[in-house]
$ cat final.pdb   # PDB, C-alpha atoms
ATOM      1  CA  MET W  40      32.057  -5.303   7.177  1.00  0.00           C
ATOM      2  CA  ASN W  41      30.147  -2.145   6.435  1.00  0.00           C
ATOM      3  CA  ILE W  42      28.610  -3.061   3.113  1.00  0.00           C
ATOM      4  CA  PRO W  43      25.272  -1.228   2.828  1.00  0.00           C
ATOM      5  CA  ALA W  44      22.129  -3.299   2.306  1.00  0.00           C
ATOM      6  CA  ASP W  45      21.462  -1.798  -1.150  1.00  0.00           C
ATOM      7  CA  VAL W  46      24.894  -2.889  -2.364  1.00  0.00           C
ATOM      8  CA  ALA W  47      24.794  -6.249  -0.566  1.00  0.00           C
ATOM      9  CA  ALA W  48      21.525  -6.968  -2.396  1.00  0.00           C
ATOM     10  CA  ARG W  49      23.366  -6.674  -5.715  1.00  0.00           C
ATOM     11  CA  PHE W  50      25.967  -9.174  -4.617  1.00  0.00           C
ATOM     12  CA  ILE W  51      23.259 -11.568  -3.398  1.00  0.00           C
ATOM     13  CA  GLU W  52      21.595 -11.417  -6.818  1.00  0.00           C
ATOM     14  CA  GLY W  53      24.972 -12.137  -8.412  1.00  0.00           C
ATOM     15  CA  THR W  54      25.536  -8.723  -9.974  1.00  0.00           C
ATOM     16  CA  LEU W  55      28.882  -6.984 -10.051  1.00  0.00           C
ATOM     17  CA  VAL W  56      28.825  -3.321  -9.120  1.00  0.00           C
ATOM     18  CA  ALA W  57      30.565  -0.650 -11.147  1.00  0.00           C
ATOM     19  CA  ALA W  58      33.361   1.141  -9.315  1.00  0.00           C
ATOM     20  CA  ILE W  59      34.393   4.589 -10.528  1.00  0.00           C
ATOM     21  CA  ALA W  60      37.750   5.898  -9.317  1.00  0.00           C
ATOM     22  CA  GLN W  61      38.158   9.658  -9.048  1.00  0.00           C
ATOM     23  CA  ASP W  62      41.081  11.817  -7.964  1.00  0.00           C
ATOM     24  CA  PRO W  63      39.659  14.271  -5.420  1.00  0.00           C
ATOM     25  CA  LYS W  64      42.529  16.710  -5.973  1.00  0.00           C
ATOM     26  CA  ASP W  65      41.087  17.911  -9.276  1.00  0.00           C
ATOM     27  CA  GLY W  66      38.002  15.732  -9.801  1.00  0.00           C
ATOM     28  CA  ARG W  67      39.465  13.793 -12.700  1.00  0.00           C
ATOM     29  CA  VAL W  68      37.667  10.511 -13.278  1.00  0.00           C
ATOM     30  CA  LEU W  69      40.476   7.982 -13.630  1.00  0.00           C
ATOM     31  CA  MET W  70      38.822   4.682 -14.525  1.00  0.00           C
ATOM     32  CA  MET W  71      35.838   2.431 -14.112  1.00  0.00           C
ATOM     33  CA  ALA W  72      36.062  -1.234 -13.209  1.00  0.00           C
ATOM     34  CA  TRP W  73      34.020  -3.830 -11.335  1.00  0.00           C
ATOM     35  CA  MET W  74      33.733  -5.189  -7.829  1.00  0.00           C
ATOM     36  CA  ASN W  75      32.177  -8.263  -6.329  1.00  0.00           C
ATOM     37  CA  GLN W  76      31.622  -8.581  -2.592  1.00  0.00           C
ATOM     38  CA  GLU W  77      35.084  -9.979  -1.943  1.00  0.00           C
ATOM     39  CA  ALA W  78      36.740  -7.123  -3.845  1.00  0.00           C
ATOM     40  CA  LEU W  79      34.794  -4.501  -1.906  1.00  0.00           C
ATOM     41  CA  GLU W  80      35.529  -6.205   1.421  1.00  0.00           C
ATOM     42  CA  LYS W  81      39.218  -6.426   0.625  1.00  0.00           C
ATOM     43  CA  THR W  82      39.229  -2.760  -0.428  1.00  0.00           C
ATOM     44  CA  LEU W  83      37.532  -1.627   2.789  1.00  0.00           C
ATOM     45  CA  GLU W  84      39.763  -3.809   4.969  1.00  0.00           C
ATOM     46  CA  SER W  85      43.063  -2.928   3.351  1.00  0.00           C
ATOM     47  CA  GLY W  86      42.448   0.689   2.359  1.00  0.00           C
ATOM     48  CA  HIS W  87      43.826  -0.124  -1.095  1.00  0.00           C
ATOM     49  CA  VAL W  88      41.542  -0.675  -4.056  1.00  0.00           C
ATOM     50  CA  THR W  89      40.915  -4.214  -5.294  1.00  0.00           C
ATOM     51  CA  TYR W  90      38.612  -4.826  -8.260  1.00  0.00           C
ATOM     52  CA  TRP W  91      37.152  -7.960  -9.811  1.00  0.00           C
ATOM     53  CA  SER W  92      38.588  -8.665 -13.231  1.00  0.00           C
ATOM     54  CA  ARG W  93      35.821  -9.890 -15.533  1.00  0.00           C
ATOM     55  CA  SER W  94      38.310 -10.963 -18.197  1.00  0.00           C
ATOM     56  CA  ARG W  95      40.618 -12.871 -15.849  1.00  0.00           C
ATOM     57  CA  ASN W  96      37.813 -13.899 -13.487  1.00  0.00           C
ATOM     58  CA  GLN W  97      39.837 -13.102 -10.403  1.00  0.00           C
ATOM     59  CA  LEU W  98      40.500 -10.422  -7.841  1.00  0.00           C
ATOM     60  CA  TRP W  99      42.780  -7.686  -9.094  1.00  0.00           C
ATOM     61  CA  THR W 100      44.473  -5.426  -6.613  1.00  0.00           C
ATOM     62  CA  LYS W 101      45.193  -2.267  -8.545  1.00  0.00           C
ATOM     63  CA  GLY W 102      48.929  -1.750  -8.934  1.00  0.00           C
ATOM     64  CA  GLU W 103      49.984  -5.201  -7.752  1.00  0.00           C
ATOM     65  CA  SER W 104      52.077  -5.651 -10.874  1.00  0.00           C
ATOM     66  CA  SER W 105      52.468  -2.059 -12.137  1.00  0.00           C
ATOM     67  CA  GLY W 106      52.987  -0.356  -8.771  1.00  0.00           C
ATOM     68  CA  HIS W 107      50.198   2.045  -9.745  1.00  0.00           C
ATOM     69  CA  THR W 108      48.209   1.506  -6.575  1.00  0.00           C
ATOM     70  CA  GLN W 109      45.067   3.309  -5.480  1.00  0.00           C
ATOM     71  CA  LYS W 110      44.870   4.262  -1.824  1.00  0.00           C
ATOM     72  CA  LEU W 111      41.258   4.626  -0.762  1.00  0.00           C
ATOM     73  CA  ILE W 112      40.319   8.018   0.652  1.00  0.00           C
ATOM     74  CA  SER W 113      36.540   7.667   0.698  1.00  0.00           C
ATOM     75  CA  VAL W 114      33.808   5.665  -0.961  1.00  0.00           C
ATOM     76  CA  SER W 115      30.151   6.372  -1.644  1.00  0.00           C
ATOM     77  CA  TYR W 116      27.406   4.335  -3.319  1.00  0.00           C
ATOM     78  CA  ASP W 117      24.552   5.343  -5.521  1.00  0.00           C
ATOM     79  CA  CYS W 118      20.799   5.406  -4.957  1.00  0.00           C
ATOM     80  CA  ASP W 119      20.149   1.977  -6.445  1.00  0.00           C
ATOM     81  CA  GLY W 120      23.273   0.334  -5.038  1.00  0.00           C
ATOM     82  CA  ASP W 121      24.838  -0.766  -8.299  1.00  0.00           C
ATOM     83  CA  ALA W 122      27.669   1.747  -8.502  1.00  0.00           C
ATOM     84  CA  LEU W 123      30.429   2.907  -6.182  1.00  0.00           C
ATOM     85  CA  LEU W 124      32.374   6.146  -6.351  1.00  0.00           C
ATOM     86  CA  LEU W 125      35.877   5.816  -4.956  1.00  0.00           C
ATOM     87  CA  GLN W 126      38.027   8.806  -4.102  1.00  0.00           C
ATOM     88  CA  VAL W 127      41.583   7.567  -4.451  1.00  0.00           C
ATOM     89  CA  GLU W 128      45.169   8.634  -4.178  1.00  0.00           C
ATOM     90  CA  GLN W 129      46.532   7.276  -7.438  1.00  0.00           C
ATOM     91  CA  ALA W 130      50.209   6.308  -7.697  1.00  0.00           C
ATOM     92  CA  GLY W 131      51.377   6.871 -11.268  1.00  0.00           C
ATOM     93  CA  ALA W 132      48.988   6.360 -14.167  1.00  0.00           C
ATOM     94  CA  ALA W 133      45.570   4.799 -13.638  1.00  0.00           C
ATOM     95  CA  CYS W 134      45.418   3.455 -17.203  1.00  0.00           C
ATOM     96  CA  HIS W 135      47.428   0.490 -18.433  1.00  0.00           C
ATOM     97  CA  THR W 136      48.298   2.577 -21.525  1.00  0.00           C
ATOM     98  CA  GLY W 137      50.295   4.968 -19.360  1.00  0.00           C
ATOM     99  CA  GLU W 138      47.674   7.716 -19.582  1.00  0.00           C
ATOM    100  CA  ARG W 139      46.655   9.269 -16.305  1.00  0.00           C
ATOM    101  CA  SER W 140      42.980   8.448 -16.926  1.00  0.00           C
ATOM    102  CA  CYS W 141      41.444   5.638 -18.973  1.00  0.00           C
ATOM    103  CA  PHE W 142      39.089   8.280 -20.438  1.00  0.00           C
ATOM    104  CA  PHE W 143      41.656   9.914 -22.697  1.00  0.00           C
ATOM    105  CA  ARG W 144      39.793   9.788 -26.017  1.00  0.00           C
ATOM    106  CA  GLY W 145      36.844  11.960 -26.970  1.00  0.00           C
ATOM    107  CA  ILE W 146      33.862  11.325 -29.239  1.00  0.00           C
ATOM    108  CA  ASP W 147      32.919  14.072 -31.668  1.00  0.00           C
ATOM    109  CA  PHE W 148      29.354  15.252 -31.905  1.00  0.00           C
ATOM    110  CA  GLN W 149      27.397  18.227 -33.183  1.00  0.00           C
ATOM    111  CA  GLN W 150      26.791  20.549 -30.274  1.00  0.00           C
ATOM    112  CA  GLY W 151      23.129  21.551 -30.478  1.00  0.00           C
ATOM    113  CA  ASP W 152      21.360  24.687 -29.283  1.00  0.00           C
ATOM    114  CA  GLN W 153      18.548  22.793 -27.623  1.00  0.00           C
TER     115      GLN W 153
ATOM    116  CA  MET G 143      27.563   8.468 -36.383  1.00  0.00           C
ATOM    117  CA  ASN G 144      30.888   8.855 -34.672  1.00  0.00           C
ATOM    118  CA  ILE G 145      30.810   5.819 -32.428  1.00  0.00           C
ATOM    119  CA  PRO G 146      34.408   4.635 -31.950  1.00  0.00           C
ATOM    120  CA  ALA G 147      35.254   1.081 -32.987  1.00  0.00           C
ATOM    121  CA  ASP G 148      36.088   0.029 -29.404  1.00  0.00           C
ATOM    122  CA  VAL G 149      32.654   1.072 -28.209  1.00  0.00           C
ATOM    123  CA  ALA G 150      30.846  -0.249 -31.288  1.00  0.00           C
ATOM    124  CA  ALA G 151      32.428  -3.644 -30.594  1.00  0.00           C
ATOM    125  CA  ARG G 152      30.669  -3.730 -27.223  1.00  0.00           C
ATOM    126  CA  PHE G 153      27.318  -3.050 -28.818  1.00  0.00           C
ATOM    127  CA  ILE G 154      27.944  -5.747 -31.423  1.00  0.00           C
ATOM    128  CA  GLU G 155      28.647  -8.275 -28.666  1.00  0.00           C
ATOM    129  CA  GLY G 156      25.405  -7.193 -26.982  1.00  0.00           C
ATOM    130  CA  THR G 157      26.953  -5.440 -23.993  1.00  0.00           C
ATOM    131  CA  LEU G 158      25.635  -2.219 -22.551  1.00  0.00           C
ATOM    132  CA  VAL G 159      28.258   0.390 -21.763  1.00  0.00           C
ATOM    133  CA  ALA G 160      28.382   2.256 -18.482  1.00  0.00           C
ATOM    134  CA  ALA G 161      27.848   6.012 -18.784  1.00  0.00           C
ATOM    135  CA  ILE G 162      29.139   8.250 -15.998  1.00  0.00           C
ATOM    136  CA  ALA G 163      27.767  11.792 -15.884  1.00  0.00           C
ATOM    137  CA  GLN G 164      29.985  14.470 -14.374  1.00  0.00           C
ATOM    138  CA  ASP G 165      29.458  18.194 -13.830  1.00  0.00           C
ATOM    139  CA  PRO G 166      32.566  19.873 -15.228  1.00  0.00           C
ATOM    140  CA  LYS G 167      31.982  23.008 -13.153  1.00  0.00           C
ATOM    141  CA  ASP G 168      33.202  21.318  -9.972  1.00  0.00           C
ATOM    142  CA  GLY G 169      33.950  17.746 -11.042  1.00  0.00           C
ATOM    143  CA  ARG G 170      31.058  16.231  -9.102  1.00  0.00           C
ATOM    144  CA  VAL G 171      30.129  12.789 -10.372  1.00  0.00           C
ATOM    145  CA  LEU G 172      26.346  12.938 -10.669  1.00  0.00           C
ATOM    146  CA  MET G 173      25.230   9.443 -11.636  1.00  0.00           C
ATOM    147  CA  MET G 174      26.018   6.287 -13.557  1.00  0.00           C
ATOM    148  CA  ALA G 175      23.596   4.613 -15.939  1.00  0.00           C
ATOM    149  CA  TRP G 176      23.736   2.515 -19.106  1.00  0.00           C
ATOM    150  CA  MET G 177      23.698   3.057 -22.836  1.00  0.00           C
ATOM    151  CA  ASN G 178      23.058   0.825 -25.802  1.00  0.00           C
ATOM    152  CA  GLN G 179      23.930   1.921 -29.320  1.00  0.00           C
ATOM    153  CA  GLU G 180      20.604   3.651 -29.873  1.00  0.00           C
ATOM    154  CA  ALA G 181      20.935   5.626 -26.636  1.00  0.00           C
ATOM    155  CA  LEU G 182      24.416   6.803 -27.534  1.00  0.00           C
ATOM    156  CA  GLU G 183      23.368   7.728 -31.080  1.00  0.00           C
ATOM    157  CA  LYS G 184      20.383   9.680 -29.801  1.00  0.00           C
ATOM    158  CA  THR G 185      22.599  11.436 -27.250  1.00  0.00           C
ATOM    159  CA  LEU G 186      25.164  12.433 -29.875  1.00  0.00           C
ATOM    160  CA  GLU G 187      22.498  13.550 -32.361  1.00  0.00           C
ATOM    161  CA  SER G 188      20.364  15.543 -29.940  1.00  0.00           C
ATOM    162  CA  GLY G 189      23.005  16.905 -27.580  1.00  0.00           C
ATOM    163  CA  HIS G 190      20.846  15.767 -24.656  1.00  0.00           C
ATOM    164  CA  VAL G 191      21.627  12.608 -22.726  1.00  0.00           C
ATOM    165  CA  THR G 192      19.528   9.498 -23.317  1.00  0.00           C
ATOM    166  CA  TYR G 193      20.264   6.292 -21.405  1.00  0.00           C
ATOM    167  CA  TRP G 194      19.009   2.741 -21.702  1.00  0.00           C
ATOM    168  CA  SER G 195      16.860   1.734 -18.749  1.00  0.00           C
ATOM    169  CA  ARG G 196      17.655  -1.849 -17.772  1.00  0.00           C
ATOM    170  CA  SER G 197      14.637  -2.052 -15.448  1.00  0.00           C
ATOM    171  CA  ARG G 198      12.124  -0.653 -17.954  1.00  0.00           C
ATOM    172  CA  ASN G 199      13.931  -2.074 -20.982  1.00  0.00           C
ATOM    173  CA  GLN G 200      13.549   1.103 -22.985  1.00  0.00           C
ATOM    174  CA  LEU G 201      15.289   4.328 -23.920  1.00  0.00           C
ATOM    175  CA  TRP G 202      15.193   6.911 -21.185  1.00  0.00           C
ATOM    176  CA  THR G 203      15.892  10.525 -22.058  1.00  0.00           C
ATOM    177  CA  LYS G 204      17.088  12.057 -18.826  1.00  0.00           C
ATOM    178  CA  GLY G 205      14.625  14.658 -17.583  1.00  0.00           C
ATOM    179  CA  GLU G 206      11.803  13.766 -19.974  1.00  0.00           C
ATOM    180  CA  SER G 207       9.392  13.497 -17.044  1.00  0.00           C
ATOM    181  CA  SER G 208      11.249  15.371 -14.270  1.00  0.00           C
ATOM    182  CA  GLY G 209      12.611  18.232 -16.366  1.00  0.00           C
ATOM    183  CA  HIS G 210      16.041  17.424 -14.958  1.00  0.00           C
ATOM    184  CA  THR G 211      17.721  17.208 -18.334  1.00  0.00           C
ATOM    185  CA  GLN G 212      21.396  16.730 -19.071  1.00  0.00           C
ATOM    186  CA  LYS G 213      22.847  18.806 -21.879  1.00  0.00           C
ATOM    187  CA  LEU G 214      25.906  17.119 -23.314  1.00  0.00           C
ATOM    188  CA  ILE G 215      29.076  19.187 -23.217  1.00  0.00           C
ATOM    189  CA  SER G 216      31.623  16.513 -24.098  1.00  0.00           C
ATOM    190  CA  VAL G 217      31.996  12.760 -24.034  1.00  0.00           C
ATOM    191  CA  SER G 218      35.007  10.478 -23.774  1.00  0.00           C
ATOM    192  CA  TYR G 219      35.393   6.700 -23.701  1.00  0.00           C
ATOM    193  CA  ASP G 220      37.733   4.442 -21.843  1.00  0.00           C
ATOM    194  CA  CYS G 221      40.620   2.275 -22.979  1.00  0.00           C
ATOM    195  CA  ASP G 222      38.565  -0.903 -23.324  1.00  0.00           C
ATOM    196  CA  GLY G 223      35.469   0.773 -24.728  1.00  0.00           C
ATOM    197  CA  ASP G 224      32.992  -0.325 -22.077  1.00  0.00           C
ATOM    198  CA  ALA G 225      32.552   2.984 -20.267  1.00  0.00           C
ATOM    199  CA  LEU G 226      31.714   6.538 -21.285  1.00  0.00           C
ATOM    200  CA  LEU G 227      32.401   9.714 -19.341  1.00  0.00           C
ATOM    201  CA  LEU G 228      29.871  12.452 -20.086  1.00  0.00           C
ATOM    202  CA  GLN G 229      30.433  16.060 -19.122  1.00  0.00           C
ATOM    203  CA  VAL G 230      26.940  17.491 -18.714  1.00  0.00           C
ATOM    204  CA  GLU G 231      25.066  20.628 -17.827  1.00  0.00           C
ATOM    205  CA  GLN G 232      22.576  19.246 -15.331  1.00  0.00           C
ATOM    206  CA  ALA G 233      19.203  20.944 -14.856  1.00  0.00           C
ATOM    207  CA  GLY G 234      18.069  20.475 -11.257  1.00  0.00           C
ATOM    208  CA  ALA G 235      18.963  17.314  -9.373  1.00  0.00           C
ATOM    209  CA  ALA G 236      20.519  14.335 -11.149  1.00  0.00           C
ATOM    210  CA  CYS G 237      19.112  11.840  -8.647  1.00  0.00           C
ATOM    211  CA  HIS G 238      15.461  10.827  -8.524  1.00  0.00           C
ATOM    212  CA  THR G 239      15.642  11.275  -4.729  1.00  0.00           C
ATOM    213  CA  GLY G 240      16.142  15.004  -5.206  1.00  0.00           C
ATOM    214  CA  GLU G 241      19.827  14.845  -4.261  1.00  0.00           C
ATOM    215  CA  ARG G 242      22.182  16.586  -6.646  1.00  0.00           C
ATOM    216  CA  SER G 243      24.222  13.400  -7.117  1.00  0.00           C
ATOM    217  CA  CYS G 244      23.131   9.773  -6.837  1.00  0.00           C
ATOM    218  CA  PHE G 245      26.321   9.185  -4.805  1.00  0.00           C
ATOM    219  CA  PHE G 246      25.110  10.872  -1.637  1.00  0.00           C
ATOM    220  CA  ARG G 247      25.789   8.091   0.889  1.00  0.00           C
ATOM    221  CA  GLY G 248      29.206   7.061   2.144  1.00  0.00           C
ATOM    222  CA  ILE G 249      30.566   3.717   3.316  1.00  0.00           C
ATOM    223  CA  ASP G 250      32.628   3.703   6.513  1.00  0.00           C
ATOM    224  CA  PHE G 251      35.954   1.964   6.602  1.00  0.00           C
ATOM    225  CA  GLN G 252      39.113   1.942   8.677  1.00  0.00           C
ATOM    226  CA  GLN G 253      41.617   4.225   7.046  1.00  0.00           C
ATOM    227  CA  GLY G 254      44.918   2.349   7.017  1.00  0.00           C
ATOM    228  CA  ASP G 255      48.482   3.617   7.009  1.00  0.00           C
ATOM    229  CA  GLN G 256      49.595   1.306   4.253  1.00  0.00           C
TER     230      GLN G 256
END
$ encode --input "final.pdb" --output "structure tokens"
Amino acid sequence: MNIPADVAARFIEGTLVAAIAQDPKDGRVLMMAWMNQEALEKTLESGHVTYWSRSRNQLWTKGESSGHTQKLISVSYDCDGDALLLQVEQAGAACHTGERSCFFRGIDFQQGDQ
Amino acid sequence: MNIPADVAARFIEGTLVAAIAQDPKDGRVLMMAWMNQEALEKTLESGHVTYWSRSRNQLWTKGESSGHTQKLISVSYDCDGDALLLQVEQAGAACHTGERSCFFRGIDFQQGDQ
């Protein structure tokens, strides 16, 4: 497989990498989940996104039960190899709540002038 | 502070939350780093993004040495409270390499028809 050395090093040290899914049509960030080496390999081989579920401790192919699959369009990795950015074609809602994006709630703060 | 209960629960259990910085002007995802409660509080209070550095084990106000600050425009949190999405006004490059985004390298894969 084509896993870059920087990312492979994370898997060797036993770290999961964060995987951010974005819709390239409008740039909306849909969700963030985790991948181990097997999840990334399966994603690259199949062209459909598979994550690693930390709560269920198993591979989790997005949409396998809901039908809300993510077809992989492109994937990039960050400078220290611990995060992936996936451009995906999302079927239906990305969030299990039915919202398009998991990031559907804001946090209030005082906007400063700094 | 305005930290939502779902996110506060992560801090109580000792988990860092992932913080994704995005430029709302064109939707470019700039970087992903980590926040503890203190980092998020400082970010919300100051209106400038502060992360928690896992390697240096200390607060890290983005741009404090490089000048490449991130002014907070808005912040949302995900359905399970372990990730934040920050809309930021980025001064200069987000990546320490000088690239605009830390996600500047792609991973090749065979695009399927599935």
$ closest_atom_pairs --input "final.pdb" --of "chain W" --to "chain G" --cutoff "9 Å" --atoms "only C-alpha atoms" --output "CSV"
residue,atom,partner,partner_atom,distance
W:Met40,CA,G:Phe251,CA,8.3
W:Asn41,CA,G:Asp250,CA,6.4
W:Ile42,CA,G:Ile249,CA,7.1
W:Pro43,CA,G:Ile249,CA,7.3
W:Ala57,CA,G:Ala160,CA,8.2
W:Ile59,CA,G:Ile162,CA,8.4
W:Gln61,CA,G:Val171,CA,8.7
W:Pro63,CA,G:Gly169,CA,8.7
W:Asp65,CA,G:Gly169,CA,7.4
W:Gly66,CA,G:Gly169,CA,4.7
W:Arg67,CA,G:Gly169,CA,7.0
W:Val68,CA,G:Leu227,CA,8.1
W:Met70,CA,G:Asp220,CA,7.4
W:Met71,CA,G:Ala225,CA,7.0
W:Ala72,CA,G:Ala225,CA,8.9
W:Leu83,CA,G:Phe251,CA,5.5
W:Glu84,CA,G:Gln252,CA,6.9
W:Ser85,CA,G:Gly254,CA,6.7
W:Gly86,CA,G:Gly254,CA,5.5
W:His87,CA,G:Gln256,CA,8.0
W:Lys110,CA,G:Gln256,CA,8.2
W:Leu111,CA,G:Gln253,CA,7.8
W:Ile112,CA,G:Gln253,CA,7.5
W:Ser113,CA,G:Gly248,CA,7.5
W:Val114,CA,G:Ile249,CA,5.7
W:Ser115,CA,G:Gly248,CA,4.0
W:Tyr116,CA,G:Phe245,CA,5.2
W:Asp117,CA,G:Phe245,CA,4.3
W:Cys118,CA,G:Cys244,CA,5.3
W:Asp119,CA,G:Cys244,CA,8.4
W:Asp121,CA,G:Met174,CA,8.9
W:Ala122,CA,G:Met174,CA,7.0
W:Leu123,CA,G:Phe245,CA,7.6
W:Leu124,CA,G:Phe245,CA,6.9
W:Cys134,CA,G:Cys221,CA,7.6
W:His135,CA,G:Cys221,CA,8.4
W:Thr136,CA,G:Cys221,CA,7.8
W:Ser140,CA,G:Asp220,CA,8.2
W:Cys141,CA,G:Asp220,CA,4.8
W:Phe142,CA,G:Asp220,CA,4.3
W:Phe143,CA,G:Ser218,CA,6.8
W:Arg144,CA,G:Ser218,CA,5.3
W:Gly145,CA,G:Ser218,CA,4.0
W:Ile146,CA,G:Ser218,CA,5.6
W:Asp147,CA,G:Asn144,CA,6.4
W:Phe148,CA,G:Leu186,CA,5.4
W:Gln149,CA,G:Glu187,CA,6.8
W:Gln150,CA,G:Gly189,CA,5.9
W:Gly151,CA,G:Gly189,CA,5.5
W:Asp152,CA,G:Gly189,CA,8.1
W:Gln153,CA,G:Gly189,CA,7.4
$ axis_aligned_box --input "final.pdb" --around "segment 83-91 of chain W" --padding-each-side "4 Å" --output "JSON"
{"center_x": 40.5, "center_y": -3.6, "center_z": -2.4, "size_x": 14.7, "size_y": 16.6, "size_z": 22.8}
$ atom_distance --input "final.pdb" --atom1 "atom CA of Val56 of chain W" --atom2 "atom CA of Glu180 of chain G"
23.4 Å
$ atom_distance --input "final.pdb" --atom1 "atom CA of Ala47 of chain W" --atom2 "atom CA of Gln76 of chain W"
7.5 Å
$ atom_distance --input "final.pdb" --atom1 "atom CA of Ser92 of chain W" --atom2 "atom CA of Thr192 of chain G"
28.2 Å
$ closest_residue --input "final.pdb" --among "G:Lys204, G:Ala233, G:Met177, G:Gly240" --to "Phe153 of chain G" --atoms "only C-alpha atoms"
G:Met177
$ resolve_selection --input "final.pdb" --expression "the PyMOL selection byres ((chain G and resi 232) around 7)" --output "VMD selection string"
chain G and resid 210 to 213 230 to 231 233 to 234 236
$ resolve_selection --input "final.pdb" --expression "the PyMOL selection byres ((chain G and resi 193) around 6)" --output "list in words"
Trp176, Met177, Ala181, Thr192, Trp194, Leu201 and Trp202 of chain G
$ closest_residue --input "final.pdb" --among "G:Ile154, G:Val149, G:Val191, G:Leu182" --to "Gln229 of chain G" --atoms "only C-alpha atoms"
G:Val191
